[in-house]
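File shown: input_37.pdb. Contents: PDB, C-alpha atoms and all ligand atoms.
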```pdb
MODEL        1
ATOM      1  CA  MET Z   1      99.933  80.915 100.846
ATOM      2  CA  GLN Z   2      99.440  80.880  97.094
ATOM      3  CA  LEU Z   3      97.075  83.643  96.135
ATOM      4  CA  LYS Z   4      96.035  84.735  92.705
ATOM      5  CA  ILE Z   5      95.526  88.477  92.715
ATOM      6  CA  LYS Z   6      93.752  90.316  89.959
ATOM      7  CA  LYS Z   7      96.354  92.552  88.349
ATOM      8  CA  PRO Z   8      95.328  96.203  88.540
ATOM      9  CA  ALA Z   9      94.708  97.698  85.132
ATOM     10  CA  PRO Z  10      97.755  99.615  83.907
ATOM     11  CA  VAL Z  11      97.479 103.328  84.617
ATOM     12  CA  GLU Z  12      96.043 104.884  81.520
ATOM     13  CA  LYS Z  13      98.671 106.996  79.724
ATOM     14  CA  ASN Z  14      96.330 109.920  79.381
ATOM     15  CA  VAL Z  15      95.337 110.020  83.037
ATOM     16  CA  PHE Z  16      96.973 112.728  85.123
ATOM     17  CA  TRP Z  17      96.945 113.154  88.882
ATOM     18  CA  SER Z  18      95.043 116.248  89.963
ATOM     19  CA  PRO Z  19      96.696 117.675  93.084
ATOM     20  CA  SER Z  20      94.621 119.271  95.847
ATOM     21  CA  ARG Z  21      95.085 122.943  96.679
ATOM     22  CA  VAL Z  22      94.399 122.134 100.330
ATOM     23  CA  SER Z  23      97.311 120.301 101.893
ATOM     24  CA  ARG Z  24      97.047 117.521 104.415
ATOM     25  CA  ALA Z  25      98.990 119.668 106.860
ATOM     26  CA  GLU Z  26      96.397 122.458 106.541
ATOM     27  CA  ARG Z  27      93.573 120.050 107.213
ATOM     28  CA  GLU Z  28      95.347 118.528 110.195
ATOM     29  CA  LYS Z  29      96.097 121.960 111.607
ATOM     30  CA  ARG Z  30      92.416 122.877 111.409
ATOM     31  CA  ASN Z  31      91.307 119.512 112.870
ATOM     32  CA  LYS Z  32      93.954 119.718 115.596
ATOM     33  CA  HIS Z  33      94.815 116.063 115.077
ATOM     34  CA  ARG Z  34      96.418 113.977 112.399
ATOM     35  CA  GLY Z  35      94.729 111.627 109.965
ATOM     36  CA  CYS Z  36      95.253 107.904 110.364
ATOM     37  CA  ILE Z  37      93.711 104.486 109.829
ATOM     38  CA  ILE Z  38      92.821 102.339 112.807
ATOM     39  CA  TRP Z  39      92.584  98.936 111.174
ATOM     40  CA  LEU Z  40      90.583  96.471 113.271
ATOM     41  CA  THR Z  41      91.196  92.857 112.253
ATOM     42  CA  GLY Z  42      89.830  89.720 113.882
ATOM     43  CA  LEU Z  43      87.406  86.839 113.633
ATOM     44  CA  SER Z  44      83.700  87.339 113.062
ATOM     45  CA  GLY Z  45      82.195  88.134 116.470
ATOM     46  CA  SER Z  46      85.531  89.194 117.978
ATOM     47  CA  GLY Z  47      84.210  92.726 118.568
ATOM     48  CA  LYS Z  48      85.396  94.846 115.639
ATOM     49  CA  SER Z  49      82.097  96.615 114.949
ATOM     50  CA  THR Z  50      81.283  97.101 118.629
ATOM     51  CA  ILE Z  51      84.661  98.699 119.326
ATOM     52  CA  ALA Z  52      84.562 100.722 116.093
ATOM     53  CA  ARG Z  53      81.181 102.275 116.914
ATOM     54  CA  GLU Z  54      82.037 103.067 120.562
ATOM     55  CA  LEU Z  55      85.357 104.544 119.535
ATOM     56  CA  GLU Z  56      83.720 106.606 116.780
ATOM     57  CA  ARG Z  57      81.143 107.995 119.232
ATOM     58  CA  ILE Z  58      83.768 108.941 121.828
ATOM     59  CA  LEU Z  59      86.220 110.503 119.389
ATOM     60  CA  PHE Z  60      83.428 112.409 117.624
ATOM     61  CA  THR Z  61      82.129 113.755 120.933
ATOM     62  CA  GLN Z  62      85.640 114.944 121.724
ATOM     63  CA  GLY Z  63      85.715 116.924 118.482
ATOM     64  CA  HIS Z  64      87.711 114.621 116.257
ATOM     65  CA  ARG Z  65      87.055 114.085 112.557
ATOM     66  CA  VAL Z  66      86.282 110.383 112.613
ATOM     67  CA  MET Z  67      84.371 107.798 110.620
ATOM     68  CA  VAL Z  68      83.933 104.043 110.349
ATOM     69  CA  LEU Z  69      84.246 101.776 107.347
ATOM     70  CA  ASP Z  70      82.655  98.475 108.348
ATOM     71  CA  GLY Z  71      82.928  95.195 106.455
ATOM     72  CA  ASP Z  72      79.250  94.341 106.500
ATOM     73  CA  ASN Z  73      78.228  97.806 105.295
ATOM     74  CA  VAL Z  74      80.839  97.997 102.575
ATOM     75  CA  ARG Z  75      79.786  94.630 101.239
ATOM     76  CA  GLN Z  76      76.286  96.039 100.710
ATOM     77  CA  GLY Z  77      77.612  98.918  98.625
ATOM     78  CA  ILE Z  78      80.971  99.559  97.004
ATOM     79  CA  ASN Z  79      81.995  95.892  97.295
ATOM     80  CA  ALA Z  80      78.610  94.287  96.688
ATOM     81  CA  ASP Z  81      80.117  92.533  93.671
ATOM     82  CA  LEU Z  82      82.646  90.595  95.785
ATOM     83  CA  GLY Z  83      82.329  87.226  97.519
ATOM     84  CA  PHE Z  84      84.568  85.389  99.968
ATOM     85  CA  SER Z  85      87.085  83.599  97.758
ATOM     86  CA  GLN Z  86      90.729  84.480  98.482
ATOM     87  CA  GLU Z  87      90.790  86.587  95.351
ATOM     88  CA  ASP Z  88      87.621  88.501  96.277
ATOM     89  CA  ARG Z  89      88.759  88.980  99.871
ATOM     90  CA  ALA Z  90      92.025  90.430  98.539
ATOM     91  CA  GLU Z  91      90.115  92.803  96.259
ATOM     92  CA  ASN Z  92      87.745  93.750  99.121
ATOM     93  CA  ILE Z  93      90.698  94.787 101.277
ATOM     94  CA  ARG Z  94      92.550  96.438  98.397
ATOM     95  CA  ARG Z  95      89.595  98.720  97.647
ATOM     96  CA  ILE Z  96      88.968  99.489 101.305
ATOM     97  CA  GLY Z  97      92.658 100.156 101.792
ATOM     98  CA  GLU Z  98      92.503 102.729  98.988
ATOM     99  CA  VAL Z  99      89.343 104.315 100.414
ATOM    100  CA  SER Z 100      90.851 104.393 103.928
ATOM    101  CA  LYS Z 101      93.956 106.022 102.498
ATOM    102  CA  LEU Z 102      91.888 108.760 100.836
ATOM    103  CA  PHE Z 103      90.190 109.567 104.129
ATOM    104  CA  ALA Z 104      93.413 109.495 106.171
ATOM    105  CA  GLU Z 105      95.164 111.707 103.602
ATOM    106  CA  ASN Z 106      92.278 114.138 104.025
ATOM    107  CA  GLY Z 107      92.783 114.302 107.762
ATOM    108  CA  MET Z 108      90.175 111.847 109.033
ATOM    109  CA  ILE Z 109      90.633 109.313 111.786
ATOM    110  CA  THR Z 110      89.390 106.353 109.777
ATOM    111  CA  ILE Z 111      88.318 103.268 111.680
ATOM    112  CA  SER Z 112      88.308 100.312 109.296
ATOM    113  CA  ALA Z 113      86.648  97.191 110.723
ATOM    114  CA  PHE Z 114      87.218  94.158 108.506
ATOM    115  CA  ILE Z 115      87.954  90.519 109.282
ATOM    116  CA  SER Z 116      90.846  90.936 106.810
ATOM    117  CA  PRO Z 117      92.105  87.409 107.517
ATOM    118  CA  TYR Z 118      95.182  87.417 105.294
ATOM    119  CA  THR Z 119      98.432  89.015 106.422
ATOM    120  CA  ARG Z 120      99.365  89.772 102.862
ATOM    121  CA  ASP Z 121      96.219  91.841 102.231
ATOM    122  CA  ARG Z 122      96.661  93.846 105.450
ATOM    123  CA  ASP Z 123     100.360  94.407 104.773
ATOM    124  CA  ARG Z 124      99.514  95.670 101.331
ATOM    125  CA  VAL Z 125      97.362  98.406 102.874
ATOM    126  CA  ARG Z 126     100.158  99.307 105.277
ATOM    127  CA  GLY Z 127     102.446  99.517 102.276
ATOM    128  CA  ILE Z 128     100.398 102.145 100.390
ATOM    129  CA  VAL Z 129     100.064 104.669 103.231
ATOM    130  CA  ARG Z 130     102.541 106.883 105.028
ATOM    131  CA  GLU Z 131     104.612 105.699 107.966
ATOM    132  CA  GLY Z 132     102.473 105.902 111.100
ATOM    133  CA  ASP Z 133      99.171 106.140 109.218
ATOM    134  CA  PHE Z 134      98.312 102.455 109.582
ATOM    135  CA  ILE Z 135      97.552 101.333 113.113
ATOM    136  CA  GLU Z 136      96.856  97.629 113.124
ATOM    137  CA  ALA Z 137      94.634  96.605 116.046
ATOM    138  CA  TYR Z 138      94.311  92.876 116.495
ATOM    139  CA  ILE Z 139      90.876  92.230 117.979
ATOM    140  CA  LYS Z 140      91.900  89.022 119.663
ATOM    141  CA  CYS Z 141      89.216  86.589 120.742
ATOM    142  CA  SER Z 142      89.330  82.812 120.888
ATOM    143  CA  LEU Z 143      87.346  80.948 118.270
ATOM    144  CA  GLU Z 144      85.453  79.209 121.100
ATOM    145  CA  GLU Z 145      84.300  82.548 122.514
ATOM    146  CA  CYS Z 146      83.335  83.874 119.055
ATOM    147  CA  GLU Z 147      81.304  80.704 118.474
ATOM    148  CA  ARG Z 148      79.694  81.107 121.865
ATOM    149  CA  ARG Z 149      78.754  84.728 121.086
ATOM    150  CA  ASP Z 150      77.655  83.866 117.545
ATOM    151  CA  THR Z 151      75.978  87.280 117.382
ATOM    152  CA  LYS Z 152      74.737  86.771 113.846
ATOM    153  CA  GLY Z 153      74.189  83.016 113.909
ATOM    154  CA  LEU Z 154      76.875  82.630 111.268
ATOM    155  CA  TYR Z 155      79.056  80.075 113.054
ATOM    156  CA  GLU Z 156      76.105  77.740 113.334
ATOM    157  CA  LYS Z 157      75.440  78.085 109.608
ATOM    158  CA  ALA Z 158      79.137  77.703 108.759
ATOM    159  CA  LYS Z 159      79.457  74.534 110.850
ATOM    160  CA  ALA Z 160      76.358  73.134 109.173
ATOM    161  CA  GLY Z 161      78.020  73.818 105.814
ATOM    162  CA  ILE Z 162      75.373  76.361 104.818
ATOM    163  CA  ILE Z 163      77.994  79.131 104.579
ATOM    164  CA  LYS Z 164      81.196  78.276 102.729
ATOM    165  CA  ASN Z 165      84.636  79.865 103.170
ATOM    166  CA  PHE Z 166      83.835  81.050 106.683
ATOM    167  CA  THR Z 167      86.852  82.429 108.527
ATOM    168  CA  GLY Z 168      87.845  80.275 111.483
ATOM    169  CA  ILE Z 169      85.698  77.344 110.358
ATOM    170  CA  SER Z 170      86.351  76.635 106.701
ATOM    171  CA  ASP Z 171      88.810  79.430 105.852
ATOM    172  CA  PRO Z 172      92.009  80.459 107.644
ATOM    173  CA  TYR Z 173      92.616  83.494 109.839
ATOM    174  CA  GLU Z 174      96.211  84.677 109.938
ATOM    175  CA  PRO Z 175      96.780  86.687 113.153
ATOM    176  CA  PRO Z 176      98.952  89.786 112.809
ATOM    177  CA  GLY Z 177     102.601  89.113 113.625
ATOM    178  CA  ASN Z 178     103.407  92.544 114.969
ATOM    179  CA  PRO Z 179     100.271  94.650 115.436
ATOM    180  CA  GLU Z 180     100.433  98.119 116.986
ATOM    181  CA  ILE Z 181      97.627  97.175 119.391
ATOM    182  CA  VAL Z 182      96.339  93.870 120.757
ATOM    183  CA  VAL Z 183      92.802  93.989 122.155
ATOM    184  CA  PRO Z 184      91.924  90.762 124.015
ATOM    185  CA  THR Z 185      88.133  91.080 123.927
ATOM    186  CA  ASP Z 186      87.561  87.692 125.558
ATOM    187  CA  LYS Z 187      89.314  89.022 128.660
ATOM    188  CA  GLN Z 188      87.965  92.578 128.717
ATOM    189  CA  THR Z 189      84.710  94.491 128.891
ATOM    190  CA  VAL Z 190      83.790  96.601 125.860
ATOM    191  CA  ALA Z 191      84.794  99.726 127.798
ATOM    192  CA  GLU Z 192      88.223  98.279 128.594
ATOM    193  CA  SER Z 193      88.771  97.259 124.983
ATOM    194  CA  VAL Z 194      87.900 100.719 123.698
ATOM    195  CA  GLN Z 195      90.164 102.219 126.329
ATOM    196  CA  THR Z 196      93.023  99.960 125.152
ATOM    197  CA  VAL Z 197      92.767 101.566 121.710
ATOM    198  CA  ILE Z 198      92.392 105.090 123.069
ATOM    199  CA  GLU Z 199      95.446 104.686 125.297
ATOM    200  CA  TYR Z 200      97.535 103.737 122.284
ATOM    201  CA  LEU Z 201      96.243 106.731 120.330
ATOM    202  CA  GLU Z 202      96.941 109.055 123.244
ATOM    203  CA  ARG Z 203     100.398 107.696 123.896
ATOM    204  CA  HIS Z 204     101.349 108.166 120.253
ATOM    205  CA  ASN Z 205      99.831 111.625 119.917
ATOM    206  CA  TYR Z 206      97.093 110.812 117.432
ATOM    207  CA  LEU Z 207      94.400 112.598 119.408
ATOM    208  CA  ARG Z 208      93.293 116.189 119.666
ATOM    209  CA  CYS Z 209      93.370 116.699 123.395
ATOM    210  CA  ARG Z 210      95.049 114.124 125.545
ATOM    211  CA  GLN Z 211      93.617 115.307 128.838
ATOM    212  CA  ARG Z 212      89.981 114.962 127.837
ATOM    213  CA  ASN Z 213      90.261 111.218 127.424
ATOM    214  CA  LYS Z 214      90.903 110.810 131.098
ATOM    215  CA  HIS Z 215      87.287 111.748 131.784
ATOM    216  CA  LEU Z 216      85.441 109.687 129.252
ATOM    217  CA  THR Z 217      82.600 107.505 130.321
ATOM    218  CA  LEU Z 218      81.229 104.637 128.324
ATOM    219  CA  LYS Z 219      77.844 103.096 128.253
ATOM    220  CA  GLN Z 220      78.025  99.313 128.719
TER
HETATM  221  N1  LIG X   1      85.589  93.438 125.097
HETATM  222  C1  LIG X   1      84.710  93.388 124.116
HETATM  223  N2  LIG X   1      84.900  94.129 122.988
HETATM  224  C2  LIG X   1      84.013  94.064 121.958
HETATM  225  N3  LIG X   1      82.902  93.288 121.954
HETATM  226  C3  LIG X   1      82.664  92.531 123.045
HETATM  227  C4  LIG X   1      83.550  92.544 124.171
HETATM  228  N4  LIG X   1      83.055  91.697 125.113
HETATM  229  C5  LIG X   1      81.920  91.183 124.623
HETATM  230  N5  LIG X   1      81.674  91.688 123.378
HETATM  231  C6  LIG X   1      80.484  91.333 122.557
HETATM  232  O1  LIG X   1      80.917  90.578 121.436
HETATM  233  C7  LIG X   1      80.092  90.835 120.308
HETATM  234  C8  LIG X   1      80.976  91.292 119.153
HETATM  235  O2  LIG X   1      80.187  91.444 118.002
HETATM  236  P1  LIG X   1      80.625  92.372 116.795
HETATM  237  O3  LIG X   1      81.151  93.678 117.296
HETATM  238  O4  LIG X   1      79.489  92.423 115.823
HETATM  239  O5  LIG X   1      81.846  91.528 116.171
HETATM  240  P2  LIG X   1      82.539  91.655 114.730
HETATM  241  O6  LIG X   1      82.197  93.009 114.164
HETATM  242  O7  LIG X   1      83.996  91.466 115.007
HETATM  243  O8  LIG X   1      81.967  90.541 113.924
HETATM  244  C9  LIG X   1      79.086  91.909 120.738
HETATM  245  O9  LIG X   1      77.881  91.274 121.095
HETATM  246  C10 LIG X   1      79.767  92.542 121.967
HETATM  247  O10 LIG X   1      78.830  93.077 122.883
HETATM  248 MG    MG X   2      81.229  93.498 112.357
ENDMDL
END
```
Output the file's structure in the form of structure tokens.
Amino acid sequence: MQLKIKKPAPVEKNVFWSPSRVSRAEREKRNKHRGCIIWLTGLSGSGKSTIARELERILFTQGHRVMVLDGDNVRQGINADLGFSQEDRAENIRRIGEVSKLFAENGMITISAFISPYTRDRDRVRGIVREGDFIEAYIKCSLEECERRDTKGLYEKAKAGIIKNFTGISDPYEPPGNPEIVVPTDKQTVAESVQTVIEYLERHNYLRCRQRNKHLTLKQ
């Protein structure tokens, strides 16, 4: 895929990095869990926001430092200047990757829910964070099921040509080749999908207290 990326401005010669006097290790010791980015990628309507919000609620209740960065919200604020061209999508993910990195470096479990359709953009985020910090969760749902759900009525508008560059209809989605987690939301309940993510986090020691997760209950 040929993609023109805006070159980042060269780092200004007179800009110096200001190091923190609180280390990541100190923060993680206090939080009793490590920082990381759970990157949810998938088609519109696949279930990213639903899973992100359930997961956030559960992890917060368990005492984790956790927050969500959600595509729709971010596009109303920090990225309100960006559209849906390949270049703007790349810049959207670049900025969110940097923001996610800041939070993870500061000990937060950061749940980033973005369609992020291009492999190259997602891999770039993986490339700027530490080994193990980027957990790619492919929120896998057939296009037919996403169209059937059409939670926001966007597929209808995209098919009618009212929305341009719509992922899955008039813009490509490149599924992850080797994601840490696959969440088949067209074959699971919401509770099962959230549990799929939590099991991965438990198994790889990202969470504060592994036992507590055995007793979680989810509202459906
Ligand atoms: N296993 C599942 N995981 C997540 N969402 C699901 C699942 N099964 C059905 N859904 C439904 O699919 C829709 C997903 O919408 P949403 O989370 O807004 O998607 P996205 O943020 O990916 O655009 C919701 O209405 C949700 O209730
Ligand atoms: Mg969403």
For chain Z against ligand MG 2 (chain X), with a cut-off of 9 Å and counting only C-alpha atoms and all ligand atoms, what is the closest atom pair and its distance in Å to one decimal for every residue that makes the cut, ordered by chain and number, as a Markdown table?
```
| residue | atom | partner | partner_atom | distance |
| --- | --- | --- | --- | --- |
| Z:Ser44 | CA | X:MG2 | MG | 6.7 |
| Z:Gly45 | CA | X:MG2 | MG | 6.8 |
| Z:Ser46 | CA | X:MG2 | MG | 8.3 |
| Z:Gly47 | CA | X:MG2 | MG | 6.9 |
| Z:Lys48 | CA | X:MG2 | MG | 5.5 |
| Z:Ser49 | CA | X:MG2 | MG | 4.1 |
| Z:Thr50 | CA | X:MG2 | MG | 7.2 |
| Z:Ala52 | CA | X:MG2 | MG | 8.8 |
| Z:Asp70 | CA | X:MG2 | MG | 6.5 |
| Z:Gly71 | CA | X:MG2 | MG | 6.4 |
| Z:Asp72 | CA | X:MG2 | MG | 6.2 |
| Z:Asn73 | CA | X:MG2 | MG | 8.8 |
| Z:Ala113 | CA | X:MG2 | MG | 6.8 |
| Z:Phe114 | CA | X:MG2 | MG | 7.2 |
| Z:Ile115 | CA | X:MG2 | MG | 8.0 |
```
Which residues are near ligand LIG 1 (chain X) - at most 10 Å, using all atoms listed in the file? Format: as a PyMOL selection string.
chain Z and resi 40-54+70-72+113-115+139-141+145-146+148-152+154+183-196+220
CA of Phe16 (chain Z) to CA of Gly97 (chain Z), distance in Å rounded to a single decimal:
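So the answer is 21.3 Å.
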Could you list the residues chosen by the PyMOL selection byres (((chain Z and resi 79) around 12) and not hetatm) in this structure as a compact mmCIF listing (two decimals) with C-alpha atoms, keeping the file's coordinate frame?
```txt
# COMPACT_ATOMS: atom_id res chain seq x y z
CA LEU Z 69 84.25 101.78 107.35
CA ASP Z 70 82.66 98.48 108.35
CA GLY Z 71 82.93 95.20 106.46
CA ASP Z 72 79.25 94.34 106.50
CA ASN Z 73 78.23 97.81 105.30
CA VAL Z 74 80.84 98.00 102.58
CA ARG Z 75 79.79 94.63 101.24
CA GLN Z 76 76.29 96.04 100.71
CA GLY Z 77 77.61 98.92 98.62
CA ILE Z 78 80.97 99.56 97.00
CA ALA Z 80 78.61 94.29 96.69
CA ASP Z 81 80.12 92.53 93.67
CA LEU Z 82 82.65 90.60 95.78
CA GLY Z 83 82.33 87.23 97.52
CA PHE Z 84 84.57 85.39 99.97
CA ASP Z 88 87.62 88.50 96.28
CA ARG Z 89 88.76 88.98 99.87
CA ALA Z 90 92.02 90.43 98.54
CA GLU Z 91 90.12 92.80 96.26
CA ASN Z 92 87.74 93.75 99.12
CA ILE Z 93 90.70 94.79 101.28
CA ARG Z 94 92.55 96.44 98.40
CA ARG Z 95 89.60 98.72 97.65
CA ILE Z 96 88.97 99.49 101.30
CA VAL Z 99 89.34 104.32 100.41
```
List as a PyMOL selection string: which residues have an atom within 6 Å of (95.3, 103.6, 109.0), counting only C-alpha atoms?
chain Z and resi 36-39+133-135
Evaluated on this file, the PyMOL selection byres (((chain Z and resi 110) around 8) and not hetatm) picks out some residues - which ones are they, written as a PyMOL selection string?
chain Z and resi 35-38+66-69+100+103-104+108-109+111-112
What does the structure give for the distance between CA of Glu28 (chain Z) and CA of Arg203 (chain Z), in Å to one decimal?
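Going from CA of Glu28 (chain Z) over to CA of Arg203 (chain Z) covers 18.2 Å.
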Please write as a VMD selection string the list of polymer residues whose atoms come within 12 Å of (99.5, 89.4, 106.3), counting all atoms listed in the file and keeping to the coordinates of the file.
chain Z and resid 1 3 41 90 93 115 to 127 136 138 172 to 179
Interatomic distance (Å, one decimal) between CA of Arg208 (chain Z) and CA of Arg27 (chain Z)
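CA of Arg27 (chain Z) lies 13.0 Å from CA of Arg208 (chain Z).
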Among Z:Gly132, Z:Ser18, Z:Ser23, Z:Thr61, Tyr206 (chain Z) is approached most closely, using all atoms listed in the file, by Z:Gly132
Using all atoms listed in the file, find the one residue out of Z:Glu26, Z:Glu156, Z:Glu180, Z:Asp171 that sits nearest to Glu105 (chain Z).
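Result for the nearest residue to Glu105 (chain Z): Z:Glu26.
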Identify which of the residues Z:Tyr155, Z:Leu55, Z:Leu102, Z:Gly168 lies closest to Val197 (chain Z), counting all atoms listed in the file when measuring atom-to-atom distances.
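Ranking Z:Tyr155, Z:Leu55, Z:Leu102, Z:Gly168 by distance to Val197 (chain Z), first place goes to Z:Leu55.
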Explicit residues for the PyMOL selection byres (((chain Z and resi 32) around 9) and not hetatm) (as a compact mmCIF listing (two decimals) with C-alpha atoms, keeping the file's coordinate frame):
```txt
# COMPACT_ATOMS: atom_id res chain seq x y z
CA ARG Z 27 93.57 120.05 107.21
CA GLU Z 28 95.35 118.53 110.20
CA LYS Z 29 96.10 121.96 111.61
CA ARG Z 30 92.42 122.88 111.41
CA ASN Z 31 91.31 119.51 112.87
CA HIS Z 33 94.82 116.06 115.08
CA ARG Z 34 96.42 113.98 112.40
CA HIS Z 64 87.71 114.62 116.26
CA LEU Z 207 94.40 112.60 119.41
CA ARG Z 208 93.29 116.19 119.67
CA CYS Z 209 93.37 116.70 123.40
```
Box centre and edge lengths (Å, one decimal), axis-aligned, region 142-154 of chain Z plus 5 Å each side, as JSON:
```
{"center_x": 81.8, "center_y": 83.2, "center_z": 116.9, "size_x": 25.1, "size_y": 18.1, "size_z": 21.2}
```
Proximity to Ile169 (chain Z) - best of Z:Val15, Z:Leu143, Z:Ile198, Z:Ala25, all atoms listed in the file
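Between Z:Val15, Z:Leu143, Z:Ile198, Z:Ala25, the residue approaching Ile169 (chain Z) most closely is Z:Leu143.
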